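Okay, work.txt is below, compact mmCIF, C-alpha atoms:
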```
# COMPACT_ATOMS: atom_id res chain seq x y z
CA MET A 1488 0.00 0.00 0.00
CA SER A 1489 1.60 3.22 -1.10
CA ASN A 1490 -0.07 5.41 1.55
CA ASP A 1491 0.77 3.06 4.36
CA THR A 1492 2.47 4.63 7.35
CA ALA A 1493 2.10 1.60 9.63
CA ARG A 1494 4.44 -0.59 7.66
CA ARG A 1495 8.14 -0.89 8.52
CA ARG A 1496 10.47 0.75 6.02
CA PHE A 1497 12.85 -1.42 4.01
CA ASP A 1498 15.75 1.01 4.44
CA GLY A 1499 16.35 0.31 8.13
CA VAL A 1500 16.47 -3.47 7.80
CA ALA A 1501 19.64 -5.59 7.56
CA VAL A 1502 20.40 -9.28 7.16
CA GLY A 1503 20.77 -10.79 10.64
CA ASP A 1504 18.19 -8.53 12.28
CA VAL A 1505 16.41 -10.49 15.00
CA LEU A 1506 12.66 -10.00 15.42
CA PRO A 1507 11.12 -9.80 18.90
CA PRO A 1508 10.43 -13.44 19.89
CA ARG A 1509 7.19 -14.69 21.42
CA THR A 1510 6.01 -17.65 23.48
CA VAL A 1511 2.68 -18.97 22.24
CA HIS A 1512 0.77 -20.90 24.89
CA VAL A 1513 -1.69 -23.44 23.54
CA ASP A 1514 -4.25 -25.40 25.53
CA ARG A 1515 -7.31 -27.51 24.71
CA ALA A 1516 -9.63 -24.51 24.80
CA ARG A 1517 -7.44 -22.78 22.22
CA LEU A 1518 -7.53 -25.84 19.94
CA VAL A 1519 -11.32 -25.96 20.09
CA GLN A 1520 -11.36 -22.25 19.29
CA TYR A 1521 -9.05 -22.77 16.31
CA ALA A 1522 -11.06 -25.81 15.13
CA GLY A 1523 -14.17 -23.64 14.99
CA ALA A 1524 -12.47 -20.67 13.39
CA SER A 1525 -10.65 -22.71 10.74
CA LEU A 1526 -13.41 -25.30 10.19
CA ASP A 1527 -10.78 -28.04 10.71
CA ARG A 1528 -12.64 -30.25 13.18
CA ASN A 1529 -10.39 -33.32 12.99
CA ARG A 1530 -10.84 -35.15 16.33
CA ILE A 1531 -7.10 -35.62 16.87
CA HIS A 1532 -7.02 -31.93 17.83
CA TRP A 1533 -9.52 -32.09 20.71
CA ASP A 1534 -10.59 -35.68 21.49
CA GLU A 1535 -7.96 -37.36 23.67
CA PRO A 1536 -9.31 -40.96 23.55
CA PHE A 1537 -9.62 -40.69 19.76
CA ALA A 1538 -6.09 -39.27 19.38
CA LYS A 1539 -4.65 -42.11 21.46
CA LYS A 1540 -6.67 -44.70 19.56
CA VAL A 1541 -5.04 -43.63 16.28
CA GLY A 1542 -1.58 -43.93 17.82
CA LEU A 1543 -0.79 -40.38 18.93
CA PRO A 1544 0.69 -39.74 22.39
CA ASP A 1545 -2.12 -37.27 23.16
CA VAL A 1546 -4.16 -34.52 21.50
CA ILE A 1547 -1.95 -32.56 19.06
CA ALA A 1548 -2.29 -28.98 17.84
CA HIS A 1549 -3.29 -28.29 14.25
CA GLY A 1550 -0.09 -27.68 12.27
CA MET A 1551 -1.96 -24.78 10.73
CA PHE A 1552 -2.57 -23.32 14.21
CA THR A 1553 1.17 -23.29 14.89
CA MET A 1554 1.85 -21.85 11.44
CA GLY A 1555 -0.79 -19.13 11.93
CA ALA A 1556 0.34 -18.23 15.44
CA ALA A 1557 4.04 -18.14 14.48
CA ILE A 1558 3.60 -15.60 11.68
CA THR A 1559 2.31 -13.00 14.17
CA VAL A 1560 5.96 -12.49 15.16
CA VAL A 1561 6.59 -11.36 11.57
CA THR A 1562 3.39 -9.36 11.01
CA ASP A 1563 3.79 -7.41 14.28
CA TRP A 1564 7.38 -6.57 13.34
CA ALA A 1565 6.33 -5.57 9.81
CA GLY A 1566 3.59 -3.31 11.19
CA ASP A 1567 0.91 -4.64 8.86
CA ALA A 1568 -0.47 -8.16 8.50
CA GLY A 1569 -0.98 -7.52 4.79
CA ALA A 1570 2.78 -7.28 4.29
CA VAL A 1571 3.30 -11.06 4.01
CA VAL A 1572 3.45 -11.98 0.32
CA ARG A 1573 4.69 -15.53 0.77
CA TYR A 1574 4.76 -17.89 3.76
CA GLY A 1575 5.58 -21.55 3.76
CA THR A 1576 6.60 -24.29 6.15
CA ARG A 1577 6.99 -28.00 6.71
CA PHE A 1578 5.31 -29.64 9.68
CA THR A 1579 8.20 -31.58 11.18
CA LYS A 1580 6.91 -32.62 14.64
CA PRO A 1581 3.51 -32.47 16.30
CA VAL A 1582 2.82 -30.08 19.18
CA VAL A 1583 1.48 -32.37 21.91
CA VAL A 1584 -1.09 -30.61 24.09
CA PRO A 1585 -1.72 -32.30 27.48
CA TYR A 1586 -5.04 -31.64 29.21
CA ASP A 1587 -3.69 -29.84 32.28
CA ALA A 1588 -0.58 -27.95 31.29
CA GLY A 1589 -1.08 -27.28 27.59
CA ALA A 1590 2.12 -26.50 25.67
CA ASP A 1591 4.41 -23.57 25.02
CA ILE A 1592 5.74 -22.87 21.54
CA GLU A 1593 8.81 -20.60 21.39
CA VAL A 1594 8.74 -18.59 18.17
CA SER A 1595 11.78 -16.69 16.91
CA ALA A 1596 12.64 -15.14 13.58
CA SER A 1597 15.43 -13.31 11.80
CA VAL A 1598 16.04 -11.57 8.49
CA THR A 1599 18.01 -13.78 6.10
CA SER A 1600 17.98 -11.87 2.81
CA LEU A 1601 17.04 -8.57 1.20
CA ASP A 1602 15.55 -7.84 -2.21
CA GLU A 1603 16.35 -4.19 -2.72
CA ALA A 1604 14.62 -3.85 -6.10
CA ASN A 1605 11.27 -4.96 -4.69
CA ARG A 1606 11.82 -3.70 -1.11
CA GLN A 1607 11.10 -7.21 0.15
CA VAL A 1608 12.87 -9.16 2.89
CA THR A 1609 13.02 -12.87 3.63
CA VAL A 1610 12.51 -13.89 7.25
CA ASP A 1611 13.28 -17.35 8.62
CA VAL A 1612 10.94 -18.44 11.40
CA ALA A 1613 11.68 -21.08 14.04
CA ALA A 1614 9.10 -22.67 16.33
CA VAL A 1615 10.24 -24.95 19.14
CA CYS A 1616 8.09 -26.97 21.53
CA ALA A 1617 9.46 -29.28 24.24
CA GLY A 1618 12.89 -29.08 22.59
CA ASP A 1619 11.68 -30.08 19.13
CA ARG A 1620 11.52 -27.87 16.07
CA VAL A 1621 7.86 -28.19 15.13
CA LEU A 1622 8.08 -26.13 11.93
CA GLY A 1623 10.77 -26.87 9.33
CA ARG A 1624 12.16 -24.39 6.83
CA ALA A 1625 9.48 -21.89 7.82
CA GLN A 1626 10.07 -18.79 5.77
CA ALA A 1627 8.17 -15.63 4.94
CA VAL A 1628 8.70 -12.97 2.28
CA VAL A 1629 7.61 -9.57 3.53
CA GLN A 1630 6.82 -6.48 1.46
CA LEU A 1631 8.16 -3.46 3.34
CA ALA A 1632 7.53 0.23 2.65
CA MET B 1283 -5.85 -49.32 -2.34
CA PRO B 1284 -2.82 -47.23 -3.36
CA VAL B 1285 -3.07 -43.57 -4.31
CA ASN B 1286 -3.82 -43.29 -8.00
CA PRO B 1287 -0.77 -41.80 -9.80
CA GLU B 1288 -2.87 -40.98 -12.85
CA PHE B 1289 -4.32 -38.02 -10.95
CA VAL B 1290 -1.18 -35.91 -11.57
CA GLY B 1291 -2.16 -32.88 -13.60
CA ARG B 1292 -5.85 -33.26 -12.90
CA VAL B 1293 -7.71 -29.99 -12.45
CA TYR B 1294 -10.93 -29.95 -10.42
CA PRO B 1295 -13.89 -27.72 -11.25
CA PRO B 1296 -14.01 -24.43 -9.29
CA SER B 1297 -15.22 -24.78 -5.70
CA ALA B 1298 -18.47 -23.09 -4.66
CA PRO B 1299 -17.89 -19.37 -4.01
CA TYR B 1300 -16.79 -18.53 -0.45
CA VAL B 1301 -17.70 -15.08 0.83
CA VAL B 1302 -15.02 -13.72 3.18
CA SER B 1303 -16.76 -12.05 6.12
CA ALA B 1304 -15.42 -9.58 8.69
CA ALA B 1305 -16.88 -11.81 11.41
CA LYS B 1306 -14.96 -14.88 10.22
CA ILE B 1307 -11.75 -12.85 9.91
CA THR B 1308 -12.16 -11.65 13.54
CA GLU B 1309 -12.79 -15.20 14.72
CA PHE B 1310 -9.74 -16.56 12.88
CA ALA B 1311 -7.47 -13.70 14.01
CA GLU B 1312 -8.45 -14.25 17.65
CA ALA B 1313 -7.85 -17.99 17.35
CA VAL B 1314 -4.25 -17.56 16.14
CA GLY B 1315 -3.52 -14.59 18.43
CA ALA B 1316 -3.23 -12.02 15.63
CA THR B 1317 -3.84 -8.64 17.27
CA ASP B 1318 -3.16 -6.28 14.34
CA PRO B 1319 -6.29 -4.05 14.25
CA VAL B 1320 -6.25 -4.31 10.45
CA HIS B 1321 -8.17 -7.58 11.00
CA THR B 1322 -10.93 -6.06 13.11
CA ASP B 1323 -11.11 -2.29 12.59
CA ARG B 1324 -12.35 -1.18 9.19
CA GLU B 1325 -11.08 2.39 9.71
CA VAL B 1326 -7.56 1.14 10.33
CA ALA B 1327 -7.74 -1.09 7.26
CA VAL B 1328 -9.01 1.72 5.04
CA ALA B 1329 -6.34 4.10 6.36
CA ARG B 1330 -3.74 1.56 5.23
CA GLY B 1331 -5.24 1.47 1.74
CA TYR B 1332 -7.40 -1.65 1.98
CA ARG B 1333 -11.06 -1.76 0.95
CA ASP B 1334 -12.09 -3.40 4.26
CA VAL B 1335 -10.59 -5.52 7.04
CA ILE B 1336 -8.07 -8.10 5.78
CA ALA B 1337 -7.48 -11.71 6.80
CA PRO B 1338 -4.34 -13.08 8.50
CA PRO B 1339 -1.82 -14.70 6.12
CA THR B 1340 -2.92 -18.29 6.81
CA PHE B 1341 -6.69 -17.66 6.58
CA ALA B 1342 -6.59 -18.83 2.96
CA VAL B 1343 -6.28 -22.42 4.21
CA LEU B 1344 -9.93 -22.31 5.15
CA ILE B 1345 -10.94 -21.76 1.53
CA ALA B 1346 -8.25 -23.95 -0.05
CA GLN B 1347 -9.24 -26.92 2.12
CA ARG B 1348 -12.73 -26.83 0.65
CA ALA B 1349 -11.20 -27.34 -2.77
CA GLU B 1350 -8.78 -29.99 -1.46
CA MET B 1351 -11.62 -32.04 0.01
CA ALA B 1352 -13.08 -32.66 -3.46
CA PHE B 1353 -9.84 -34.43 -4.36
CA ILE B 1354 -9.10 -36.11 -1.02
CA PHE B 1355 -12.57 -37.67 -0.93
CA ASP B 1356 -12.70 -38.52 -4.65
CA PRO B 1357 -13.14 -42.31 -4.46
CA GLU B 1358 -11.11 -42.81 -7.62
CA ALA B 1359 -8.11 -41.01 -6.11
CA GLY B 1360 -7.68 -43.88 -3.64
CA ILE B 1361 -6.77 -41.73 -0.63
CA ASP B 1362 -7.45 -43.19 2.84
CA PHE B 1363 -8.28 -40.00 4.79
CA GLY B 1364 -7.53 -41.69 8.11
CA ARG B 1365 -3.91 -42.01 6.98
CA VAL B 1366 -3.47 -38.45 5.76
CA VAL B 1367 -0.91 -36.25 7.54
CA HIS B 1368 -0.28 -32.61 6.66
CA GLY B 1369 3.31 -32.29 5.46
CA GLU B 1370 3.81 -28.77 4.10
CA GLU B 1371 1.86 -25.61 3.36
CA THR B 1372 2.80 -22.50 1.40
CA PHE B 1373 0.79 -19.37 0.70
CA VAL B 1374 1.57 -16.89 -2.05
CA HIS B 1375 -0.50 -13.73 -1.69
CA HIS B 1376 -1.07 -11.42 -4.63
CA ARG B 1377 -3.05 -9.26 -2.22
CA PRO B 1378 -4.60 -9.93 1.20
CA LEU B 1379 -7.98 -11.67 1.37
CA THR B 1380 -10.42 -8.89 2.22
CA ALA B 1381 -13.88 -8.87 3.80
CA GLY B 1382 -16.46 -8.95 1.02
CA ASP B 1383 -14.33 -11.01 -1.36
CA GLU B 1384 -16.18 -13.80 -3.10
CA ILE B 1385 -13.51 -16.43 -3.67
CA VAL B 1386 -13.46 -19.56 -5.77
CA GLY B 1387 -10.65 -22.11 -5.64
CA VAL B 1388 -9.39 -24.22 -8.52
CA LEU B 1389 -7.32 -27.22 -7.46
CA THR B 1390 -4.62 -28.88 -9.54
CA VAL B 1391 -2.87 -32.08 -8.48
CA ASP B 1392 0.79 -31.14 -8.98
CA SER B 1393 2.43 -34.42 -7.99
CA VAL B 1394 1.89 -37.88 -6.53
CA LYS B 1395 5.09 -39.61 -5.41
CA ALA B 1396 5.76 -42.82 -3.54
CA ALA B 1397 8.47 -42.47 -0.89
CA GLY B 1398 9.48 -45.11 1.63
CA GLY B 1399 6.11 -46.82 1.77
CA HIS B 1400 4.26 -43.51 1.97
CA THR B 1401 2.75 -41.37 -0.77
CA MET B 1402 3.39 -37.62 -0.98
CA ILE B 1403 0.77 -35.54 -2.78
CA VAL B 1404 1.23 -31.89 -3.69
CA THR B 1405 -1.80 -29.83 -4.63
CA ARG B 1406 -1.99 -26.22 -5.79
CA THR B 1407 -5.17 -24.21 -5.32
CA GLU B 1408 -5.56 -20.93 -7.16
CA LEU B 1409 -7.89 -18.58 -5.29
CA SER B 1410 -9.49 -15.80 -7.30
CA SER B 1411 -12.15 -13.15 -7.00
CA GLY B 1412 -13.84 -12.88 -10.38
CA ALA B 1413 -11.00 -12.57 -12.88
CA GLU B 1414 -8.53 -11.34 -10.25
CA PRO B 1415 -6.00 -13.85 -8.85
CA VAL B 1416 -5.79 -13.37 -5.06
CA ALA B 1417 -3.63 -16.18 -3.70
CA THR B 1418 -2.04 -19.52 -4.50
CA VAL B 1419 -2.02 -22.24 -1.83
CA PHE B 1420 0.38 -25.20 -2.11
CA SER B 1421 -0.34 -28.12 0.19
CA THR B 1422 1.59 -31.34 0.67
CA VAL B 1423 -0.08 -34.26 2.36
CA VAL B 1424 1.51 -37.57 3.21
CA VAL B 1425 -0.62 -40.68 3.01
CA ARG B 1426 1.03 -43.08 5.44
CA GLY B 1427 1.67 -46.57 4.16
CA GLY B 1428 -0.36 -49.27 5.76
CA GLU B 1429 -0.27 -52.40 7.86
```
Rendering of file as structure tokens:
Amino acid sequence: MSNDTARRRFDGVAVGDVLPPRTVHVDRARLVQYAGASLDRNRIHWDEPFAKKVGLPDVIAHGMFTMGAAITVVTDWAGDAGAVVRYGTRFTKPVVVPYDAGADIEVSASVTSLDEANRQVTVDVAAVCAGDRVLGRAQAVVQLA
Amino acid sequence: MPVNPEFVGRVYPPSAPYVVSAAKITEFAEAVGATDPVHTDREVAVARGYRDVIAPPTFAVLIAQRAEMAFIFDPEAGIDFGRVVHGEETFVHHRPLTAGDEIVGVLTVDSVKAAGGHTMIVTRTELSSGAEPVATVFSTVVVRGGE
């Protein structure tokens, strides 16, 4: 958006810049909320006996929940959620969400390349839960002002 | 039954139009913890140059999955849904999905590959509003090998 004043300017950004990290807490209530919002009602994300019956250790978070929560680190830094022009990831490990404690996902991100001609930057995103990287090769391309 | 490799290149008819609503955007933004007011406050969105409130970057999955279901549940495709695991997802946004958009998705099966007893399937769903391309959603699912 050409008249956008909210969006971070390309000129102040350098490769290696670290974005403010965030801990995303996820519990069963959150998974039910995401199931309703996303229309992904797969039982493995809220029904513990069902999850265990199909061989999972417990209820697991939607990979798309983790992906959607993780990108807020990038959109808040960019100043505008509409700045993300590309965002992709692999789902490498499930986020296991126990009934009582829930789970914490540590999200961090840093700038890995600059495209001066288009004023775009590439940001690598990492999401770690219980010591495991739960997103693999998560990367966003962000259109800055 | 194995996944049918002859489905590579198949293009499904456009999905039924999905109208993006401000209410659904708010619900989705709250669920993923996206607090940018551009999702909920029309004045903020308009001040930034958008027609109305815009959706978070991964909202497009909600529309793409409707198109993907036509393929996943196509009996001739031979996919056992109980064995499907989500492997990868990528969004390419030409512009943000915006409240009021009426979106149709056209799904193409990009590849079907056997790997170590499993089958990896890549689909590409083009989301458009009328003649305007809005986003492309790439999804990889793994159908776990059986027994």
How close does each residue of chain A get to chain B, giving the shortest atom pair and distance in Å to one decimal for every residue with an atom at most 6 Å away, counting all atoms listed in the file, sorted by chain and residue number, as JSON lines?
```
{"residue": "A:Met1488", "atom": "CA", "partner": "B:Gly1331", "partner_atom": "CA", "distance": 5.7}
{"residue": "A:Asp1491", "atom": "CA", "partner": "B:Arg1330", "partner_atom": "CA", "distance": 4.8}
{"residue": "A:Gln1520", "atom": "CA", "partner": "B:Ala1313", "partner_atom": "CA", "distance": 5.9}
{"residue": "A:Tyr1521", "atom": "CA", "partner": "B:Ala1313", "partner_atom": "CA", "distance": 5.0}
{"residue": "A:Ala1524", "atom": "CA", "partner": "B:Phe1310", "partner_atom": "CA", "distance": 5.0}
{"residue": "A:Ser1525", "atom": "CA", "partner": "B:Leu1344", "partner_atom": "CA", "distance": 5.7}
{"residue": "A:Gly1555", "atom": "CA", "partner": "B:Thr1340", "partner_atom": "CA", "distance": 5.6}
{"residue": "A:Ala1556", "atom": "CA", "partner": "B:Val1314", "partner_atom": "CA", "distance": 4.7}
{"residue": "A:Thr1559", "atom": "CA", "partner": "B:Ala1316", "partner_atom": "CA", "distance": 5.8}
{"residue": "A:Gly1569", "atom": "CA", "partner": "B:Pro1378", "partner_atom": "CA", "distance": 5.6}
{"residue": "A:Val1572", "atom": "CA", "partner": "B:His1375", "partner_atom": "CA", "distance": 4.8}
{"residue": "A:Arg1573", "atom": "CA", "partner": "B:Val1374", "partner_atom": "CA", "distance": 4.4}
{"residue": "A:Tyr1574", "atom": "CA", "partner": "B:Phe1373", "partner_atom": "CA", "distance": 5.2}
{"residue": "A:Gly1575", "atom": "CA", "partner": "B:Thr1372", "partner_atom": "CA", "distance": 3.8}
{"residue": "A:Thr1576", "atom": "CA", "partner": "B:Glu1371", "partner_atom": "CA", "distance": 5.7}
{"residue": "A:Arg1577", "atom": "CA", "partner": "B:Glu1370", "partner_atom": "CA", "distance": 4.2}
{"residue": "A:Phe1578", "atom": "CA", "partner": "B:Gly1369", "partner_atom": "CA", "distance": 5.4}
```
Mind checking which residues fall within 8 Å of Ile1385 of chain B, counting all atoms listed in the file, ignoring those fewer than 4 positions away in the same chain, and posting them as a PyMOL selection string?
chain B and resi 1299-1302+1345+1409-1412
Find the residue from A:Ala1590, A:Ile1531, A:Ala1570, A:Val1621 that sits nearest to Val1608 of chain A; use only C-alpha atoms when measuring.
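Of A:Ala1590, A:Ile1531, A:Ala1570, A:Val1621, the one nearest Val1608 of chain A, counting only C-alpha atoms, is A:Ala1570.
Reported to one decimal place, the separation of atom CA of Val1391 of chain B from atom CA of Gly1291 of chain B is 5.2 Å.
Atom CA of Ala1557 of chain A sits 26.1 Å away from atom CA of Arg1333 of chain B.
Nearest to Arg1495 of chain A of all the residues A:Ile1592, A:Leu1518, A:Val1546, A:Leu1631 is A:Leu1631, counting all atoms listed in the file.
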At a cut-off of 10 Å from (-1.0, -39.4, 1.3) in the coordinates of the file, what residues are picked up using all atoms listed in the file, written as number ranges by chain?
B: 1284-1285, 1354, 1360-1369, 1394-1396, 1400-1404, 1422-1427
Write out as a CSV table (one decimal) with C-alpha atoms, in the frame of the given file which residues come within 10 Å of Asn1605 of chain A when counting all atoms listed in the file, dropping same-chain ones fewer than 3 positions away.
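Writing done, so here's around14.csv:
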```csv
chain,number,residue,atom,x,y,z
A,1497,PHE,CA,12.8,-1.4,4.0
A,1601,LEU,CA,17.0,-8.6,1.2
A,1602,ASP,CA,15.6,-7.8,-2.2
A,1608,VAL,CA,12.9,-9.2,2.9
A,1630,GLN,CA,6.8,-6.5,1.5
A,1631,LEU,CA,8.2,-3.5,3.3
A,1632,ALA,CA,7.5,0.2,2.6
```
Report, in Å with one decimal, the straight-line distance from atom CA of Ala1627 of chain A to atom CA of Val1561 of chain A.
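These atoms are spaced 8.0 Å apart.
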